[in-house]
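Q: For reference, this is coords-v4.txt, and it has compact mmCIF, C-alpha atoms.
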```
# COMPACT_ATOMS: atom_id res chain seq x y z
CA MET A 28 63.41 -68.14 -82.89
CA TYR A 29 65.03 -71.05 -84.71
CA THR A 30 65.78 -72.90 -81.48
CA GLY A 31 62.24 -72.48 -80.17
CA ALA A 32 60.65 -73.45 -83.49
CA LYS A 33 62.86 -76.53 -83.76
CA GLN A 34 61.97 -77.60 -80.22
CA ALA A 35 58.26 -77.09 -80.90
CA LEU A 36 58.50 -79.24 -84.02
CA ASP A 37 60.61 -81.93 -82.31
CA GLU A 38 58.16 -82.13 -79.42
CA LYS A 39 55.13 -81.94 -81.76
CA LEU A 40 53.69 -78.98 -79.86
CA SER A 41 50.55 -77.72 -81.58
CA ASN A 42 49.93 -74.63 -79.46
CA VAL A 43 53.10 -72.71 -80.34
CA ALA A 44 53.39 -69.86 -82.83
CA PHE A 45 56.32 -67.73 -83.91
CA LEU A 46 55.63 -64.47 -85.65
CA ARG A 47 58.05 -61.85 -86.87
CA THR A 48 56.21 -58.60 -87.63
CA ASN A 49 55.68 -55.04 -86.48
CA ILE A 50 54.16 -55.27 -83.02
CA GLU A 51 51.76 -52.39 -83.74
CA ILE A 52 49.73 -54.70 -85.99
CA ILE A 53 49.78 -57.76 -83.72
CA ASP A 54 45.99 -57.85 -83.50
CA ARG A 55 45.77 -58.66 -87.24
CA PHE A 56 47.33 -62.10 -86.83
CA PHE A 57 45.15 -63.75 -84.20
CA GLY A 58 41.41 -64.29 -83.93
CA PRO A 59 39.21 -63.48 -80.92
CA ASP A 60 40.03 -65.55 -77.84
CA GLU A 61 42.87 -67.32 -79.66
CA VAL A 62 45.59 -66.50 -77.10
CA GLN A 63 45.55 -67.30 -73.38
CA GLU A 64 48.82 -65.70 -72.25
CA ILE A 65 51.27 -63.10 -73.50
CA TRP A 66 54.90 -63.06 -72.43
CA LEU A 67 56.83 -59.79 -72.68
CA THR A 68 60.45 -60.55 -71.88
CA PHE A 69 63.03 -57.79 -71.70
CA SER A 70 61.14 -55.40 -73.95
CA ASP A 71 62.67 -52.02 -74.71
CA PRO A 72 61.23 -49.72 -71.98
CA GLN A 73 60.58 -46.96 -74.53
CA MET A 74 61.05 -44.27 -71.90
CA LYS A 75 60.38 -41.43 -74.34
CA ASN A 76 57.23 -42.66 -76.09
CA VAL A 77 54.35 -44.12 -74.09
CA HIS A 78 52.62 -45.52 -77.21
CA LYS A 79 55.62 -47.75 -77.96
CA ARG A 80 55.66 -49.40 -74.52
CA LEU A 81 54.33 -52.94 -74.86
CA THR A 82 52.35 -52.57 -71.62
CA SER A 83 50.74 -49.23 -72.56
CA THR A 84 47.00 -48.87 -72.99
CA PHE A 85 47.71 -48.56 -76.73
CA PHE A 86 48.85 -52.20 -76.74
CA MET A 87 46.39 -53.40 -74.08
CA ALA A 88 43.59 -52.39 -76.46
CA ARG A 89 45.20 -54.49 -79.20
CA TYR A 90 45.78 -57.48 -76.91
CA ARG A 91 42.07 -57.45 -76.00
CA HIS A 92 41.25 -58.33 -79.64
CA PHE A 93 42.85 -61.78 -79.43
CA LEU A 94 43.52 -62.52 -75.76
CA VAL A 95 40.80 -64.42 -73.91
CA ASP A 96 38.86 -62.38 -71.36
CA ARG A 97 41.05 -62.13 -68.25
CA GLY A 98 43.96 -63.59 -70.21
CA ILE A 99 47.31 -63.37 -68.49
CA ILE A 100 50.10 -60.95 -69.33
CA HIS A 101 53.60 -61.63 -68.01
CA LEU A 102 56.31 -58.97 -67.94
CA LYS A 103 59.86 -59.98 -67.13
CA THR A 104 62.30 -57.05 -67.20
CA ASP A 105 65.48 -55.53 -65.86
CA SER A 106 64.04 -52.01 -66.34
CA ASN A 107 62.79 -50.35 -63.17
CA PHE A 108 61.12 -47.75 -65.39
CA LEU A 109 59.08 -50.31 -67.38
CA PHE A 110 58.27 -52.35 -64.26
CA THR A 111 57.06 -49.24 -62.39
CA TYR A 112 55.09 -48.01 -65.40
CA THR A 113 53.42 -51.41 -65.87
CA SER A 114 52.59 -51.64 -62.16
CA LEU A 115 50.93 -48.23 -62.40
CA VAL A 116 48.97 -49.26 -65.53
CA VAL A 117 47.72 -52.35 -63.67
CA GLU A 118 46.74 -50.30 -60.62
CA ARG A 119 45.14 -47.41 -62.58
CA ASN A 120 42.99 -49.77 -64.64
CA GLY A 121 42.10 -52.15 -61.82
CA PHE A 122 43.56 -55.20 -63.59
CA PRO A 123 43.69 -58.25 -61.29
CA LEU A 124 47.30 -58.57 -60.10
CA LEU A 125 48.41 -62.20 -59.82
CA PHE A 126 52.06 -61.80 -58.80
CA LYS A 127 54.62 -59.04 -58.56
CA THR A 128 58.24 -58.97 -57.43
CA GLU A 129 61.16 -56.59 -57.84
CA ASP A 130 63.63 -59.47 -57.48
CA LEU A 131 62.44 -62.63 -59.24
CA TYR A 132 65.30 -64.86 -58.16
CA HIS A 133 64.91 -63.97 -54.49
CA SER A 134 61.10 -64.05 -54.38
CA SER A 135 58.48 -66.33 -52.93
CA LEU A 136 57.51 -67.72 -56.33
CA SER A 137 55.87 -71.08 -55.75
CA GLU A 138 57.04 -74.47 -57.04
CA GLU A 139 54.21 -74.30 -59.57
CA HIS A 140 55.96 -71.43 -61.34
CA SER A 141 59.56 -72.62 -60.99
CA PRO A 142 60.05 -72.83 -64.80
CA LEU A 143 60.23 -69.03 -64.66
CA LEU A 144 63.45 -69.45 -62.76
CA THR A 145 65.01 -71.97 -65.13
CA ILE A 146 64.45 -70.19 -68.46
CA ARG A 147 66.86 -67.29 -68.88
CA THR A 148 67.27 -65.18 -71.97
CA TYR A 149 70.63 -63.96 -73.22
CA TYR A 150 69.88 -60.46 -71.95
CA GLU A 151 68.58 -61.71 -68.63
CA SER A 152 71.87 -63.51 -67.99
CA MET A 153 73.80 -60.41 -69.05
CA TRP A 154 71.83 -58.11 -66.72
CA MET A 155 72.17 -60.55 -63.83
CA GLU A 156 75.95 -60.63 -64.35
CA ARG A 157 75.88 -56.83 -64.02
CA GLY A 158 74.07 -57.20 -60.70
CA LEU A 159 70.67 -55.94 -61.87
CA ASN A 160 67.50 -57.41 -60.36
CA ILE A 161 65.07 -59.15 -62.66
CA ARG A 162 61.57 -57.83 -62.08
CA TYR A 163 58.41 -59.76 -62.85
CA ILE A 164 54.71 -58.94 -62.86
CA ARG A 165 51.76 -61.13 -63.89
CA PHE A 166 48.24 -59.78 -64.26
CA GLU A 167 44.92 -60.45 -65.98
CA LEU A 168 43.58 -58.29 -68.79
CA PRO A 169 39.77 -58.08 -68.67
CA HIS A 170 37.98 -57.27 -71.93
CA ASN A 171 35.70 -54.71 -70.29
CA GLY A 172 36.48 -51.27 -68.95
CA GLU A 173 37.98 -48.08 -70.25
CA LEU A 174 41.75 -47.98 -70.45
CA ALA A 175 43.59 -45.06 -68.89
CA GLU A 176 47.27 -44.16 -68.68
CA PRO A 177 48.72 -43.41 -65.25
CA GLU A 178 49.27 -39.71 -64.60
CA VAL A 179 52.58 -39.84 -62.77
CA GLU A 180 56.20 -39.14 -63.65
CA ILE A 181 58.57 -42.09 -63.35
CA PRO A 182 62.35 -41.79 -62.89
CA LEU A 183 64.20 -42.93 -66.00
CA ASP A 184 66.56 -45.90 -65.86
CA GLU A 185 70.12 -44.68 -65.33
CA TYR A 186 72.03 -47.52 -66.98
CA ARG A 187 72.50 -47.95 -70.71
CA SER A 188 73.01 -51.03 -72.86
CA TYR A 189 76.61 -51.50 -73.89
CA HIS A 190 78.13 -48.12 -74.75
CA ARG A 191 75.00 -46.14 -75.55
CA SER A 192 75.00 -42.61 -74.26
CA LYS A 193 72.08 -40.70 -72.82
CA ARG A 194 70.41 -38.62 -75.54
CA SER A 195 68.30 -36.42 -73.31
CA SER A 196 68.80 -34.39 -70.16
CA ARG A 197 65.41 -35.54 -68.83
CA SER A 198 65.37 -37.55 -65.62
CA VAL A 199 61.67 -38.52 -65.55
CA SER A 200 58.93 -39.51 -67.98
CA LYS A 201 55.20 -40.24 -67.88
```
Would you write out, as C-alpha cells, the structure that this file holds?
A:
Amino acid sequence: MYTGAKQALDEKLSNVAFLRTNIEIIDRFFGPDEVQEIWLTFSDPQMKNVHKRLTSTFFMARYRHFLVDRGIIHLKTDSNFLFTYTSLVVERNGFPLLFKTEDLYHSSLSEEHSPLLTIRTYYESMWMERGLNIRYIRFELPHNGELAEPEVEIPLDEYRSYHRSKRSSRSVSK
C-alpha cells in the first residue's frame, strides 16, 4: 500500500484511492457511480463460505452501489476453484464477458492490455515459480437484474499455501 500510495503522490494521480477496511462494508465508502473498475487480485478463494467470496452475489450487490452501470470487474487468481466459481457466476447472471483465460501469460491478450502482463504481485510470482497458471477473467456488472448463485459443485483446490494442512475431508463446494 505504501509503495502504491507513494507512486500516486509522486505522479500526482488524482483518481487513486487506498482503503484499508472490512470488505463487507465497502459500499459505505464510495458514492453512486464513483468507481469504474474493480480489481480483485489473488483473493482468498473462501472455498467453505460462499458469502465471503469477493465475486459472490453478496459482493456483486455491494459493488452495484458504487460501480458505474456495466462497470468492469477484473479477477486475477491462481485458484482454479475461485476462477471456476466466478465464471459460473458470470454465466448464471448473464454478465457480459469481456475476456477469460486459464493461462494469462500464454493467452491472446492484446497489446492494449499488456500492462496486465508486466504487473506481478508477490503472490503471483510465488505461484508462477511453483508452476501454477495465473487465471484471469474480466466482465461487466450491470446494475439491473436479479443476482443468483450458481447451483453446481466445484472441485476444491488441492494445493495449500506454505505448510497449511487441509481442515476438511470435503472435495467439492458450491
Q: Excluding Glu173 (chain A) and its own-chain neighbours fewer than 6 positions away, which residues fall within 10 Å of it when counting only C-alpha atoms? Please give them as a list of chain:residue names.
A: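 Non-adjacent residues within range: A:Thr84, A:Ala88, A:Asn120.
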Q: Restricted to C-alpha atoms, what would the selected residues look like written as a tab-separated table (two decimals), keeping the file's coordinate frame?
A:
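Listed below is the output, out.tsv:
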```tsv
chain	number	residue	atom	x	y	z
A	84	THR	CA	47.00	-48.87	-72.99
A	88	ALA	CA	43.59	-52.39	-76.46
A	120	ASN	CA	42.99	-49.77	-64.64
```
Q: If you count all atoms listed in the file, which residues fall within 12 Å of region 32-42 of chain A, apart from same-chain ones fewer than 4 positions away, as number ranges by chain?
A: A: 28, 46, 61-64
Q: Considering all atoms listed in the file, return as a ChimeraX atom specification whatever protein or nucleic-acid residues lie within 12 Å of Phe56 (chain A), sequence-local ones (same chain, fewer than 2 positions apart) excluded.
A: /A:44-54,58-59,61-62,89-90,92-94
Q: Please write as an MDAnalysis selection string the list of polymer residues whose atoms come within 9 Å of (56.2, -56.7, -64.1), counting only C-alpha atoms and keeping to the coordinates of the file.
A: chainID A and resid 101:104 109:114 126:129 162:166
Q: Can you measure CA of Thr148 (chain A) to CA of Glu185 (chain A) for me? One decimal in Å is fine.
A: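 That distance, rounded to one decimal, is 21.7 Å.
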Q: Which is closest to Arg119 (chain A) among A:Ser134, A:Ser152, A:Glu176, A:Ser198, if we use all atoms listed in the file?
A: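 The shortest atom-to-atom distance to Arg119 (chain A) comes from A:Glu176.
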Q: Would you compute the distance between CA of Tyr29 (chain A) and CA of Tyr150 (chain A)? Give it in Å to one decimal.
A: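 A separation of 17.3 Å between them.
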Q: Which distance in Å separates CA of His78 (chain A) and CA of Leu183 (chain A), to one decimal?
A: 16.3 Å
Q: Between A:Phe122, A:Phe108, A:Tyr149, A:Tyr132, which residue has the minimum interatomic distance to Met74 (chain A), considering only C-alpha atoms?
A: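 Result for the nearest residue to Met74 (chain A): A:Phe108.
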Q: Name all residues at most 9 Å from Asp96 (chain A) (count all atoms listed in the file; drop same-chain ones fewer than 2 positions away) and give them as a list in words.
A: Asp60, Gln63, Arg91, Leu94, Gly98, Ile99, Glu167, Leu168, Pro169, His170 and Asn171 of chain A
